[in-house]
Number of protein chains: 2
Amino acid sequence: MNGDDLRDETLKAHSARKGKIQVVGKVAINEANDLAMYYTPGVAYPCLEIKNNKDLSYEYTSRGNMVAIITDGTRILGLGNIGPEAGMPVMEGKSVLLKKFGGVDAVPLALDITQEDWIVGVVKALAPSFGAINLEDIETPKAVNILKRLEKELTIPVFHDDSYGTAIITVAALKNALKLVGKKLKSVRIVVNGAGSAGFGITELLLNSGATDVICCDTTGIIYKGRTERMNNIKEELASMTNKSGMIGSLSDAMKGADVLISVASNGTITKEQVSSMAEMSIVLALSNPDPEIGYEDAKAAGAAVVGTGQSGIPNQVNNMLAFPGVFRGLLDVRARRMNVDMMIAAVDAIAKTVGRKQLTADYIVPDFNDNKMALKTTASVAEAVAAAAMKTGVARVQKKPGEIKRDYIASVKRYNRLEKLISKL
Amino acid sequence: MNGDDLRDETLKAHSARKGKIQVVGKVAINEANDLAMYYTPGVAYPCLEIKNNKDLSYEYTSRGNMVAIITDGTRILGLGNIGPEAGMPVMEGKSVLLKKFGGVDAVPLALDITQEDWIVGVVKALAPSFGAINLEDIETPKAVNILKRLEKELTIPVFHDDSYGTAIITVAALKNALKLVGKKLKSVRIVVNGAGSAGFGITELLLNSGATDVICCDTTGIIYKGRTERMNNIKEELASMTNKSGMIGSLSDAMKGADVLISVASNGTITKEQVSSMAEMSIVLALSNPDPEIGYEDAKAAGAAVVGTGQSGIPNQVNNMLAFPGVFRGLLDVRARRMNVDMMIAAVDAIAKTVGRKQLTADYIVPDFNDNKMALKTTASVAEAVAAAAMKTGVARVQKKPGEIKRDYIASVKRYNRLEKLISKL
């Protein structure tokens, strides 16, 4: 579809049923007996059980599969601060994706507040109803600050897809690309362009994965300790974690001789000249959406050995959807108390390994999300890996046997596909 | 089922699928084109439309049929302050009922905060995601204060079922009972026993419906202007609205010669002697759950002409479920900005009228909720009446034609019944 057609069809599709999500039962109410169990007087029994042991809320309520998608509408897609009401179509979309591809029940909550303290307070207040929190499309540095605070204060995992989700799929793509060019993560020079949630999350995960030479850039240029122009608390943190040699200069300066460019700078541009100035066998991941900072063809023509973008329909779509459904599936299945680095790295490796040795080429570094079988396989692997890492690191409330999570996940996808078929007919 | 059986069956039923509710799509995602519409890049179009006109959130998101069920866990059923996690089974039950009987999507949110200011703040923050708010099982007087504050500050309706829902069905029952005994609301003496959310809501609605002689009692006795023992701000309000003669004394004193007793005093007891002391052709609505303050048989034996309780299986079950699904259906269908007295009275009259002149007997003053046809008919009538009142009083965002709401409602019930059948098989 072209732009105008897509607009018309999209608006029609959104208004046909007034939005995209609904809340339904897991159980049927057909007779007085059902009412007596699911409502009064029987419902008092699970209430009392949970009163005596809060963890039983995972057993007797839907909490354990329920995620709150939280936004304040301040950074919706590439549209910026359009407010909570206007951000809702994206959040409902995310909810449908989480159900369809992760078997997760997700409640989108677009908040009419933007102050960091208030958002933290509201999410804390909401925690008893959910098994995990997904922060979404909140402006930086606030989003990162909220994430860090909530992680300290809550006993359920907090996932920030713009940060963690993007980081997982990006590092997975990079790991596979590095295999192809015969370079090692610990010894390559990596330039991360963009110091928002994505740039911060990617940088953190790169360092946690063994990268040693990372230079971060924003629109002002290289971020270094002591820089005073356009800094904020997360850029200060980036400055202290990266750029050990204290390089000062522009993005072009940073890219000269670099092995890897990861660009997550919305509306940013990378030139062919900048790519040409990189080291031999360079890797370019230009991930802005909907338009990459440099197109696949241009980056290739400028000499990059491996190129990935966020675009569908061309090779190497680096797509969060390969990460977040599986991460949520895994952490919910073991009732995790929090996300941690081990779980992130487990997710990275699971995605990277889903592309077999024989499949791995410069034009196939990440699983193709549009290949339904590949998407399911990837999600199942990520779920298993995240759950295993959670159990290993002691943040799981329950233990699962190998294979159990994958089996349950595949079954839930099948169940939902049947339900979806009926829904689309009603 | 007896108590032990009910306990076992209920716990098993709650853990079988881990709770009672799930979030699913209204739309199916089958191909890349669906993703492009429901998620990126197409989703940007409804976002931008809503950005330019917030009311379009009712058109392009699920908000218009979405209700938040808010509790803080401080007064769950008759169990008291058992906390948000433990309150959740009740809230999920309510969610299923709202979908099944009202066609309403309801998200239960049990909050980990109990301060009035915080609850008000959190609900205000959540408002952009919902078409209405349902306050549930919050201790009084806080619940009433929160209700009044939110009604002033929000542009979506706030319904407090313990207060408004109980008031609607109770006044409907009373109106029909008065027809039977040939008395008029404006001239009868009514004793309301219990000064919590229900007692307050009932008293307010009685006065707004034309009652002139109401005496409120709590465990301390009659509430009067100037009383100092065990008062709070809503009892002060009750004192100033009722008891014009300044009667002082006990519940027994108040009941002597009274035409009507409405008791909503959890754990309270009414004796046969108290009922015997009432006027000729007295009406007793003893509504505590699960056990009434005086049983149907005892109240009848003591001389009451008409008796209603909250119990199922005996005549005159005064059940909120006859009120709240229809009220929500009606106010959501016209995208109401708020609840008001006219809408409440419209709901009362709709319920009362559903019992035809020929049906009306001392043992049939309210529709029987367990009669499925009667329940649907009542809900449809309440929805139509509430919507009409909202349109008439200028609080409706959209206008509906007569019959439209009923037709859509019946269709939604049928759709959900089909969905529920499949869900229970999956």
# chains A, B, ... in the order shown; residues from 1 in each chain; ligands from 1
$ interface_residues --of "chain B" --to "chain A" --cutoff "6 Å" --atoms "only C-alpha atoms" --output "number ranges by chain"
B: 10-11, 14-15, 18-28, 37-39, 46-47, 50-51, 59-62, 82, 85-87, 89, 93, 96, 105, 109-113, 122, 125-126, 128-129, 420, 424
$ residues_around --residues "B:Glu151" --least-positions-apart "3" --cutoff "12 Å" --atoms "only C-alpha atoms" --output "short mmCIF file (atom, residue, chain, number, x, y, z; two decimals) with all heavy atoms, in the first residue's frame"
data_model
loop_
_atom_site.label_atom_id
_atom_site.label_comp_id
_atom_site.auth_asym_id
_atom_site.auth_seq_id
_atom_site.Cartn_x
_atom_site.Cartn_y
_atom_site.Cartn_z
N VAL B 120 -6.69 9.26 44.19
CA VAL B 120 -7.24 10.26 43.27
C VAL B 120 -6.22 10.56 42.16
O VAL B 120 -6.55 10.58 40.97
CB VAL B 120 -7.62 11.56 44.03
CG1 VAL B 120 -7.93 12.69 43.05
CG2 VAL B 120 -8.82 11.30 44.94
N VAL B 123 -5.83 7.54 39.67
CA VAL B 123 -6.98 7.39 38.77
C VAL B 123 -6.98 8.51 37.73
O VAL B 123 -7.24 8.26 36.54
CB VAL B 123 -8.31 7.34 39.55
CG1 VAL B 123 -9.49 7.30 38.59
CG2 VAL B 123 -8.34 6.12 40.46
N LYS B 124 -6.66 9.72 38.15
CA LYS B 124 -6.58 10.82 37.18
C LYS B 124 -5.53 10.53 36.12
O LYS B 124 -5.73 10.77 34.93
CB LYS B 124 -6.26 12.14 37.88
CG LYS B 124 -7.45 12.75 38.59
CD LYS B 124 -7.07 13.97 39.40
CE LYS B 124 -6.58 15.13 38.53
NZ LYS B 124 -6.18 16.29 39.38
N ALA B 127 -6.86 8.05 33.47
CA ALA B 127 -8.08 8.40 32.74
C ALA B 127 -7.99 8.35 31.20
O ALA B 127 -8.96 7.92 30.56
CB ALA B 127 -8.59 9.76 33.20
N ALA B 132 -14.57 4.98 31.35
CA ALA B 132 -15.22 5.18 32.63
C ALA B 132 -14.40 4.50 33.72
O ALA B 132 -13.55 3.66 33.43
CB ALA B 132 -16.64 4.62 32.63
N ILE B 133 -14.68 4.91 34.95
CA ILE B 133 -13.98 4.35 36.11
C ILE B 133 -15.00 3.68 37.02
O ILE B 133 -16.07 4.23 37.26
CB ILE B 133 -13.26 5.46 36.91
CG1 ILE B 133 -12.25 6.23 36.03
CG2 ILE B 133 -12.60 4.90 38.17
CD1 ILE B 133 -11.05 5.44 35.58
N ASN B 134 -14.67 2.51 37.53
CA ASN B 134 -15.50 1.84 38.53
C ASN B 134 -14.71 1.69 39.82
O ASN B 134 -13.75 0.94 39.86
CB ASN B 134 -15.92 0.46 38.01
CG ASN B 134 -16.86 -0.25 38.98
OD1 ASN B 134 -17.67 0.39 39.63
ND2 ASN B 134 -16.74 -1.56 39.06
N LEU B 135 -15.11 2.44 40.83
CA LEU B 135 -14.47 2.28 42.14
C LEU B 135 -15.10 1.08 42.84
O LEU B 135 -16.31 0.88 42.77
CB LEU B 135 -14.65 3.53 42.99
CG LEU B 135 -14.10 4.84 42.43
CD1 LEU B 135 -14.40 5.98 43.40
CD2 LEU B 135 -12.60 4.74 42.18
N VAL B 144 -16.15 7.38 49.36
CA VAL B 144 -17.09 8.42 48.95
C VAL B 144 -16.35 9.72 48.63
O VAL B 144 -16.64 10.41 47.66
CB VAL B 144 -18.17 8.65 50.05
CG1 VAL B 144 -19.09 9.80 49.66
CG2 VAL B 144 -18.97 7.37 50.27
N ASN B 145 -15.34 10.03 49.45
CA ASN B 145 -14.56 11.24 49.20
C ASN B 145 -13.83 11.16 47.86
O ASN B 145 -13.79 12.13 47.10
CB ASN B 145 -13.55 11.45 50.33
CG ASN B 145 -14.24 11.69 51.67
OD1 ASN B 145 -15.40 12.13 51.71
ND2 ASN B 145 -13.56 11.38 52.76
N ILE B 146 -13.25 10.00 47.58
CA ILE B 146 -12.54 9.81 46.31
C ILE B 146 -13.52 9.97 45.15
O ILE B 146 -13.24 10.65 44.15
CB ILE B 146 -11.88 8.41 46.27
CG1 ILE B 146 -10.70 8.37 47.25
CG2 ILE B 146 -11.41 8.06 44.86
CD1 ILE B 146 -10.13 6.97 47.48
N LEU B 147 -14.69 9.36 45.30
CA LEU B 147 -15.73 9.45 44.27
C LEU B 147 -16.07 10.91 43.97
O LEU B 147 -16.06 11.35 42.81
CB LEU B 147 -16.97 8.70 44.74
CG LEU B 147 -18.22 8.77 43.88
CD1 LEU B 147 -17.99 8.07 42.54
CD2 LEU B 147 -19.42 8.14 44.60
N LYS B 148 -16.33 11.67 45.02
CA LYS B 148 -16.75 13.07 44.84
C LYS B 148 -15.64 13.89 44.20
O LYS B 148 -15.89 14.74 43.35
CB LYS B 148 -17.16 13.69 46.18
CG LYS B 148 -18.27 12.96 46.91
CD LYS B 148 -19.65 13.25 46.31
CE LYS B 148 -20.73 12.37 46.95
NZ LYS B 148 -22.02 12.44 46.29
N LEU B 154 -12.55 14.69 36.68
CA LEU B 154 -12.43 13.91 35.45
C LEU B 154 -13.51 14.27 34.42
O LEU B 154 -14.57 14.75 34.79
CB LEU B 154 -12.50 12.41 35.75
CG LEU B 154 -11.33 11.80 36.51
CD1 LEU B 154 -11.56 10.30 36.70
CD2 LEU B 154 -10.01 12.03 35.77
N THR B 155 -13.23 13.98 33.17
CA THR B 155 -14.23 14.18 32.11
C THR B 155 -14.72 12.83 31.58
O THR B 155 -15.21 12.72 30.47
CB THR B 155 -13.67 15.02 30.96
OG1 THR B 155 -12.47 14.39 30.49
CG2 THR B 155 -13.37 16.43 31.41
N ILE B 156 -14.55 11.79 32.40
CA ILE B 156 -15.19 10.49 32.14
C ILE B 156 -15.99 10.13 33.40
O ILE B 156 -15.66 10.60 34.49
CB ILE B 156 -14.17 9.38 31.80
CG1 ILE B 156 -13.12 9.23 32.90
CG2 ILE B 156 -13.52 9.63 30.44
CD1 ILE B 156 -12.19 8.04 32.72
N PRO B 157 -17.03 9.32 33.27
CA PRO B 157 -17.87 9.02 34.43
C PRO B 157 -17.13 8.15 35.45
O PRO B 157 -16.32 7.31 35.10
CB PRO B 157 -19.02 8.21 33.83
CG PRO B 157 -18.93 8.37 32.36
CD PRO B 157 -17.51 8.68 32.04
N VAL B 158 -17.44 8.41 36.70
CA VAL B 158 -16.92 7.59 37.80
C VAL B 158 -18.12 6.94 38.49
O VAL B 158 -19.05 7.62 38.90
CB VAL B 158 -16.14 8.45 38.82
CG1 VAL B 158 -15.49 7.56 39.87
CG2 VAL B 158 -15.10 9.30 38.11
N PHE B 159 -18.09 5.64 38.54
CA PHE B 159 -19.20 4.89 39.13
C PHE B 159 -18.64 4.15 40.34
O PHE B 159 -17.57 3.57 40.28
CB PHE B 159 -19.74 3.90 38.09
CG PHE B 159 -21.03 3.25 38.48
CD1 PHE B 159 -22.24 3.91 38.32
CD2 PHE B 159 -21.06 1.95 39.00
CE1 PHE B 159 -23.45 3.31 38.65
CE2 PHE B 159 -22.26 1.34 39.34
CZ PHE B 159 -23.47 2.02 39.16
N HIS B 160 -19.37 4.22 41.43
CA HIS B 160 -18.92 3.50 42.63
C HIS B 160 -19.99 2.48 42.92
O HIS B 160 -21.04 2.80 43.45
CB HIS B 160 -18.75 4.49 43.78
CG HIS B 160 -18.25 3.86 45.04
ND1 HIS B 160 -18.47 4.39 46.27
CD2 HIS B 160 -17.52 2.74 45.24
CE1 HIS B 160 -17.92 3.61 47.20
NE2 HIS B 160 -17.33 2.61 46.59
N ARG B 337 -19.69 12.10 29.69
CA ARG B 337 -18.63 12.83 30.40
C ARG B 337 -18.68 12.58 31.89
O ARG B 337 -17.70 12.72 32.59
CB ARG B 337 -18.76 14.33 30.14
CG ARG B 337 -18.31 14.74 28.76
CD ARG B 337 -18.23 16.26 28.61
NE ARG B 337 -18.06 16.57 27.20
CZ ARG B 337 -19.06 16.65 26.33
NH1 ARG B 337 -20.31 16.50 26.75
NH2 ARG B 337 -18.83 16.89 25.06
N ARG B 338 -19.87 12.23 32.40
CA ARG B 338 -20.00 11.98 33.83
C ARG B 338 -21.31 11.26 34.12
O ARG B 338 -22.20 11.18 33.29
CB ARG B 338 -19.93 13.27 34.64
CG ARG B 338 -20.84 14.40 34.12
CD ARG B 338 -20.82 15.59 35.06
NE ARG B 338 -21.40 15.20 36.33
CZ ARG B 338 -20.83 15.37 37.51
NH1 ARG B 338 -19.66 15.95 37.61
NH2 ARG B 338 -21.41 14.97 38.63
N MET B 339 -21.42 10.71 35.33
CA MET B 339 -22.69 10.21 35.86
C MET B 339 -23.42 11.42 36.42
O MET B 339 -22.80 12.38 36.86
CB MET B 339 -22.44 9.25 37.02
CG MET B 339 -22.22 7.81 36.67
SD MET B 339 -23.62 7.03 35.83
CE MET B 339 -24.84 6.96 37.16
N ASN B 340 -24.75 11.35 36.44
CA ASN B 340 -25.49 12.38 37.18
C ASN B 340 -26.77 11.78 37.76
O ASN B 340 -27.10 10.61 37.50
CB ASN B 340 -25.75 13.62 36.31
CG ASN B 340 -26.60 13.30 35.08
OD1 ASN B 340 -27.46 12.44 35.12
ND2 ASN B 340 -26.34 14.03 33.99
#
$ atom_distance --atom1 "atom CA of A:Val348" --atom2 "atom CA of A:Ala172"
4.8 Å
$ atom_distance --atom1 "atom CA of B:Lys175" --atom2 "atom CA of B:Gln274"
22.3 Å
$ select_by_dssp --residues "stretch 32-269 of chain B" --states "helix (DSSP H, G or I)" --output "number ranges by chain"
B: 32-38, 44-52, 54-60, 62-65, 84-102, 116-129, 142-153, 161-181, 197-208, 233-241, 251-255
$ closest_residue --among "B:Ala254, B:Met391, B:Ile351, B:Ile248" --to "B:Ala336" --atoms "only C-alpha atoms"
B:Met391
$ residues_around --residues "stretch 358-366 of chain A" --least-positions-apart "6" --cutoff "10 Å" --atoms "only C-alpha atoms" --output "list in words"
Ile169, Thr170, Ala172, Ala173, Leu174, Lys175, Asn176, Ala177, Leu178, Lys179, Leu180, Val181, Ile283, Ala305, Val306, Val307, Gly308, Ile314, Pro315, Asn316, Gln317, Val318, Asn319, Leu322, Ile351, Ala352 and Thr378 of chain A
$ residues_around --residues "B:Ser163" --least-positions-apart "5" --cutoff "6 Å" --atoms "only C-alpha atoms" --output "number ranges by chain"
B: 197-198, 201
$ write_last_selection --atoms "N, CA, C and O atoms" --output "PDB file, in the first residue's frame"
ATOM      1  N   SER B 197     -20.511   3.273  52.274  1.00  0.00           N
ATOM      2  CA  SER B 197     -20.743   3.694  50.891  1.00  0.00           C
ATOM      3  C   SER B 197     -22.173   3.415  50.461  1.00  0.00           C
ATOM      4  O   SER B 197     -22.824   4.247  49.829  1.00  0.00           O
ATOM      5  N   ALA B 198     -22.695   2.235  50.819  1.00  0.00           N
ATOM      6  CA  ALA B 198     -24.037   1.856  50.390  1.00  0.00           C
ATOM      7  C   ALA B 198     -25.074   2.754  51.057  1.00  0.00           C
ATOM      8  O   ALA B 198     -25.938   3.329  50.386  1.00  0.00           O
ATOM      9  N   GLY B 201     -24.922   6.227  49.570  1.00  0.00           N
ATOM     10  CA  GLY B 201     -25.440   6.278  48.198  1.00  0.00           C
ATOM     11  C   GLY B 201     -26.952   6.129  48.156  1.00  0.00           C
ATOM     12  O   GLY B 201     -27.640   6.848  47.418  1.00  0.00           O
TER      13      GLY B 201
END
$ residues_around --residues "A:Ser266" --least-positions-apart "4" --cutoff "9 Å" --atoms "only C-alpha atoms" --output "VMD selection string"
chain A and resid 78 194 287 to 289 291 to 293
$ write_last_selection --atoms "N, CA, C and O atoms" --output "PDB file, in the first residue's frame"
ATOM      1  N   GLY A  78       8.190   7.967  16.089  1.00  0.00           N
ATOM      2  CA  GLY A  78       8.999   9.124  15.736  1.00  0.00           C
ATOM      3  C   GLY A  78       8.186  10.409  15.816  1.00  0.00           C
ATOM      4  O   GLY A  78       8.607  11.455  15.339  1.00  0.00           O
ATOM      5  N   GLY A 194      23.613   8.060  18.852  1.00  0.00           N
ATOM      6  CA  GLY A 194      22.289   8.232  19.466  1.00  0.00           C
ATOM      7  C   GLY A 194      22.384   7.923  20.939  1.00  0.00           C
ATOM      8  O   GLY A 194      22.782   6.815  21.306  1.00  0.00           O
ATOM      9  N   LEU A 287      19.485   1.810  12.387  1.00  0.00           N
ATOM     10  CA  LEU A 287      18.235   1.231  12.862  1.00  0.00           C
ATOM     11  C   LEU A 287      17.060   2.188  13.051  1.00  0.00           C
ATOM     12  O   LEU A 287      16.016   1.800  13.572  1.00  0.00           O
ATOM     13  N   SER A 288      17.220   3.448  12.636  1.00  0.00           N
ATOM     14  CA  SER A 288      16.090   4.358  12.802  1.00  0.00           C
ATOM     15  C   SER A 288      14.875   3.887  12.016  1.00  0.00           C
ATOM     16  O   SER A 288      15.011   3.297  10.950  1.00  0.00           O
ATOM     17  N   ASN A 289      13.715   4.159  12.579  1.00  0.00           N
ATOM     18  CA  ASN A 289      12.442   3.817  11.950  1.00  0.00           C
ATOM     19  C   ASN A 289      11.606   5.067  11.724  1.00  0.00           C
ATOM     20  O   ASN A 289      11.628   5.954  12.552  1.00  0.00           O
ATOM     21  N   ASP A 291      12.642   5.321   8.602  1.00  0.00           N
ATOM     22  CA  ASP A 291      13.738   5.446   7.629  1.00  0.00           C
ATOM     23  C   ASP A 291      15.086   5.307   8.301  1.00  0.00           C
ATOM     24  O   ASP A 291      15.384   6.029   9.260  1.00  0.00           O
ATOM     25  N   PRO A 292      15.923   4.403   7.790  1.00  0.00           N
ATOM     26  CA  PRO A 292      17.253   4.234   8.384  1.00  0.00           C
ATOM     27  C   PRO A 292      18.130   5.464   8.105  1.00  0.00           C
ATOM     28  O   PRO A 292      17.868   6.212   7.178  1.00  0.00           O
ATOM     29  N   GLU A 293      19.182   5.625   8.918  1.00  0.00           N
ATOM     30  CA  GLU A 293      20.095   6.755   8.760  1.00  0.00           C
ATOM     31  C   GLU A 293      20.855   6.675   7.438  1.00  0.00           C
ATOM     32  O   GLU A 293      21.262   7.687   6.878  1.00  0.00           O
TER      33      GLU A 293
END
$ residues_around --residues "A:Ala347" --least-positions-apart "5" --cutoff "8 Å" --atoms "only C-alpha atoms" --output "PDB file with C-alpha atoms, in the first residue's frame"
ATOM      1  CA  ILE A 168      18.958  -7.463  22.713  1.00  0.00           C
ATOM      2  CA  ALA A 323      13.082 -10.068  21.308  1.00  0.00           C
ATOM      3  CA  VAL A 327      11.613 -12.161  26.912  1.00  0.00           C
ATOM      4  CA  VAL A 382      14.368 -16.644  23.818  1.00  0.00           C
ATOM      5  CA  ALA A 383      11.702 -17.609  26.366  1.00  0.00           C
ATOM      6  CA  ALA A 385      16.864 -18.947  27.579  1.00  0.00           C
ATOM      7  CA  VAL A 386      15.529 -16.032  29.630  1.00  0.00           C
TER       8      VAL A 386
END
$ residues_around --residues "stretch 222-231 of chain A" --least-positions-apart "6" --cutoff "8 Å" --atoms "only C-alpha atoms" --output "VMD selection string"
chain A and resid 215 to 216 238 to 240 242 to 243 246 to 251 254
$ write_last_selection --atoms "all heavy atoms" --output "PDB file, in the first residue's frame"
ATOM      1  N   ILE A 215      32.468   3.992  21.508  1.00  0.00           N
ATOM      2  CA  ILE A 215      32.391   5.452  21.483  1.00  0.00           C
ATOM      3  C   ILE A 215      30.931   5.837  21.229  1.00  0.00           C
ATOM      4  O   ILE A 215      30.335   5.371  20.251  1.00  0.00           O
ATOM      5  CB  ILE A 215      33.236   6.045  20.326  1.00  0.00           C
ATOM      6  CG1 ILE A 215      34.667   5.511  20.346  1.00  0.00           C
ATOM      7  CG2 ILE A 215      33.199   7.577  20.355  1.00  0.00           C
ATOM      8  CD1 ILE A 215      35.551   6.093  21.391  1.00  0.00           C
ATOM      9  N   CYS A 216      30.365   6.642  22.095  1.00  0.00           N
ATOM     10  CA  CYS A 216      28.988   7.081  21.884  1.00  0.00           C
ATOM     11  C   CYS A 216      28.953   8.495  21.321  1.00  0.00           C
ATOM     12  O   CYS A 216      29.754   9.349  21.708  1.00  0.00           O
ATOM     13  CB  CYS A 216      28.213   7.067  23.210  1.00  0.00           C
ATOM     14  SG  CYS A 216      27.974   5.405  23.850  1.00  0.00           S
ATOM     15  N   LEU A 238      27.112   7.499  30.182  1.00  0.00           N
ATOM     16  CA  LEU A 238      27.747   6.973  28.963  1.00  0.00           C
ATOM     17  C   LEU A 238      29.196   7.439  28.884  1.00  0.00           C
ATOM     18  O   LEU A 238      30.102   6.672  28.541  1.00  0.00           O
ATOM     19  CB  LEU A 238      26.979   7.439  27.717  1.00  0.00           C
ATOM     20  CG  LEU A 238      25.629   6.759  27.450  1.00  0.00           C
ATOM     21  CD1 LEU A 238      24.907   7.426  26.278  1.00  0.00           C
ATOM     22  CD2 LEU A 238      25.816   5.256  27.178  1.00  0.00           C
ATOM     23  N   ALA A 239      29.424   8.709  29.205  1.00  0.00           N
ATOM     24  CA  ALA A 239      30.782   9.262  29.152  1.00  0.00           C
ATOM     25  C   ALA A 239      31.719   8.504  30.089  1.00  0.00           C
ATOM     26  O   ALA A 239      32.885   8.250  29.763  1.00  0.00           O
ATOM     27  CB  ALA A 239      30.756  10.748  29.509  1.00  0.00           C
ATOM     28  N   SER A 240      31.200   8.112  31.237  1.00  0.00           N
ATOM     29  CA  SER A 240      32.074   7.432  32.202  1.00  0.00           C
ATOM     30  C   SER A 240      32.262   5.953  31.882  1.00  0.00           C
ATOM     31  O   SER A 240      33.249   5.347  32.285  1.00  0.00           O
ATOM     32  CB  SER A 240      31.552   7.646  33.627  1.00  0.00           C
ATOM     33  OG  SER A 240      30.434   6.818  33.851  1.00  0.00           O
ATOM     34  N   THR A 242      32.255   4.668  28.623  1.00  0.00           N
ATOM     35  CA  THR A 242      32.813   4.452  27.287  1.00  0.00           C
ATOM     36  C   THR A 242      33.974   5.411  27.024  1.00  0.00           C
ATOM     37  O   THR A 242      34.369   6.164  27.904  1.00  0.00           O
ATOM     38  CB  THR A 242      31.731   4.699  26.207  1.00  0.00           C
ATOM     39  OG1 THR A 242      31.310   6.075  26.273  1.00  0.00           O
ATOM     40  CG2 THR A 242      30.533   3.787  26.417  1.00  0.00           C
ATOM     41  N   ASN A 243      34.468   5.351  25.807  1.00  0.00           N
ATOM     42  CA  ASN A 243      35.456   6.342  25.328  1.00  0.00           C
ATOM     43  C   ASN A 243      36.623   6.482  26.294  1.00  0.00           C
ATOM     44  O   ASN A 243      36.945   7.583  26.758  1.00  0.00           O
ATOM     45  CB  ASN A 243      34.726   7.699  25.131  1.00  0.00           C
ATOM     46  CG  ASN A 243      35.568   8.703  24.355  1.00  0.00           C
ATOM     47  OD1 ASN A 243      36.682   8.396  23.895  1.00  0.00           O
ATOM     48  ND2 ASN A 243      35.053   9.906  24.212  1.00  0.00           N
ATOM     49  N   GLY A 246      39.232   9.040  25.792  1.00  0.00           N
ATOM     50  CA  GLY A 246      38.826  10.441  25.883  1.00  0.00           C
ATOM     51  C   GLY A 246      38.796  11.153  24.544  1.00  0.00           C
ATOM     52  O   GLY A 246      39.124  12.345  24.440  1.00  0.00           O
ATOM     53  N   MET A 247      38.395  10.427  23.489  1.00  0.00           N
ATOM     54  CA  MET A 247      38.326  11.025  22.159  1.00  0.00           C
ATOM     55  C   MET A 247      37.331  12.178  22.125  1.00  0.00           C
ATOM     56  O   MET A 247      36.267  12.105  22.720  1.00  0.00           O
ATOM     57  CB  MET A 247      37.920   9.952  21.130  1.00  0.00           C
ATOM     58  CG  MET A 247      37.953  10.441  19.698  1.00  0.00           C
ATOM     59  SD  MET A 247      37.231   9.212  18.552  1.00  0.00           S
ATOM     60  CE  MET A 247      38.613   8.113  18.344  1.00  0.00           C
ATOM     61  N   ILE A 248      37.718  13.243  21.471  1.00  0.00           N
ATOM     62  CA  ILE A 248      36.847  14.410  21.301  1.00  0.00           C
ATOM     63  C   ILE A 248      36.664  14.635  19.805  1.00  0.00           C
ATOM     64  O   ILE A 248      37.607  14.439  19.026  1.00  0.00           O
ATOM     65  CB  ILE A 248      37.487  15.662  21.954  1.00  0.00           C
ATOM     66  CG1 ILE A 248      37.583  15.443  23.480  1.00  0.00           C
ATOM     67  CG2 ILE A 248      36.682  16.925  21.643  1.00  0.00           C
ATOM     68  CD1 ILE A 248      38.248  16.590  24.229  1.00  0.00           C
ATOM     69  N   GLY A 249      35.461  15.007  19.371  1.00  0.00           N
ATOM     70  CA  GLY A 249      35.272  15.277  17.950  1.00  0.00           C
ATOM     71  C   GLY A 249      33.858  14.990  17.491  1.00  0.00           C
ATOM     72  O   GLY A 249      32.934  14.896  18.289  1.00  0.00           O
ATOM     73  N   SER A 250      33.740  14.825  16.172  1.00  0.00           N
ATOM     74  CA  SER A 250      32.423  14.629  15.566  1.00  0.00           C
ATOM     75  C   SER A 250      32.132  13.143  15.377  1.00  0.00           C
ATOM     76  O   SER A 250      33.005  12.291  15.574  1.00  0.00           O
ATOM     77  CB  SER A 250      32.380  15.317  14.211  1.00  0.00           C
ATOM     78  OG  SER A 250      33.306  14.666  13.346  1.00  0.00           O
ATOM     79  N   LEU A 251      30.908  12.845  14.954  1.00  0.00           N
ATOM     80  CA  LEU A 251      30.571  11.470  14.592  1.00  0.00           C
ATOM     81  C   LEU A 251      31.521  10.971  13.496  1.00  0.00           C
ATOM     82  O   LEU A 251      31.975   9.820  13.545  1.00  0.00           O
ATOM     83  CB  LEU A 251      29.108  11.418  14.111  1.00  0.00           C
ATOM     84  CG  LEU A 251      28.632  10.101  13.500  1.00  0.00           C
ATOM     85  CD1 LEU A 251      28.655   8.963  14.531  1.00  0.00           C
ATOM     86  CD2 LEU A 251      27.216  10.249  12.919  1.00  0.00           C
ATOM     87  N   ALA A 254      34.649   9.853  14.986  1.00  0.00           N
ATOM     88  CA  ALA A 254      34.489   8.574  15.693  1.00  0.00           C
ATOM     89  C   ALA A 254      34.450   7.416  14.714  1.00  0.00           C
ATOM     90  O   ALA A 254      34.999   6.332  14.973  1.00  0.00           O
ATOM     91  CB  ALA A 254      33.223   8.606  16.546  1.00  0.00           C
TER      92      ALA A 254
END
$ closest_residue --among "A:Leu331, A:Gly102, A:Asp371, A:Glu136" --to "A:Gly73" --atoms "only C-alpha atoms"
A:Glu136
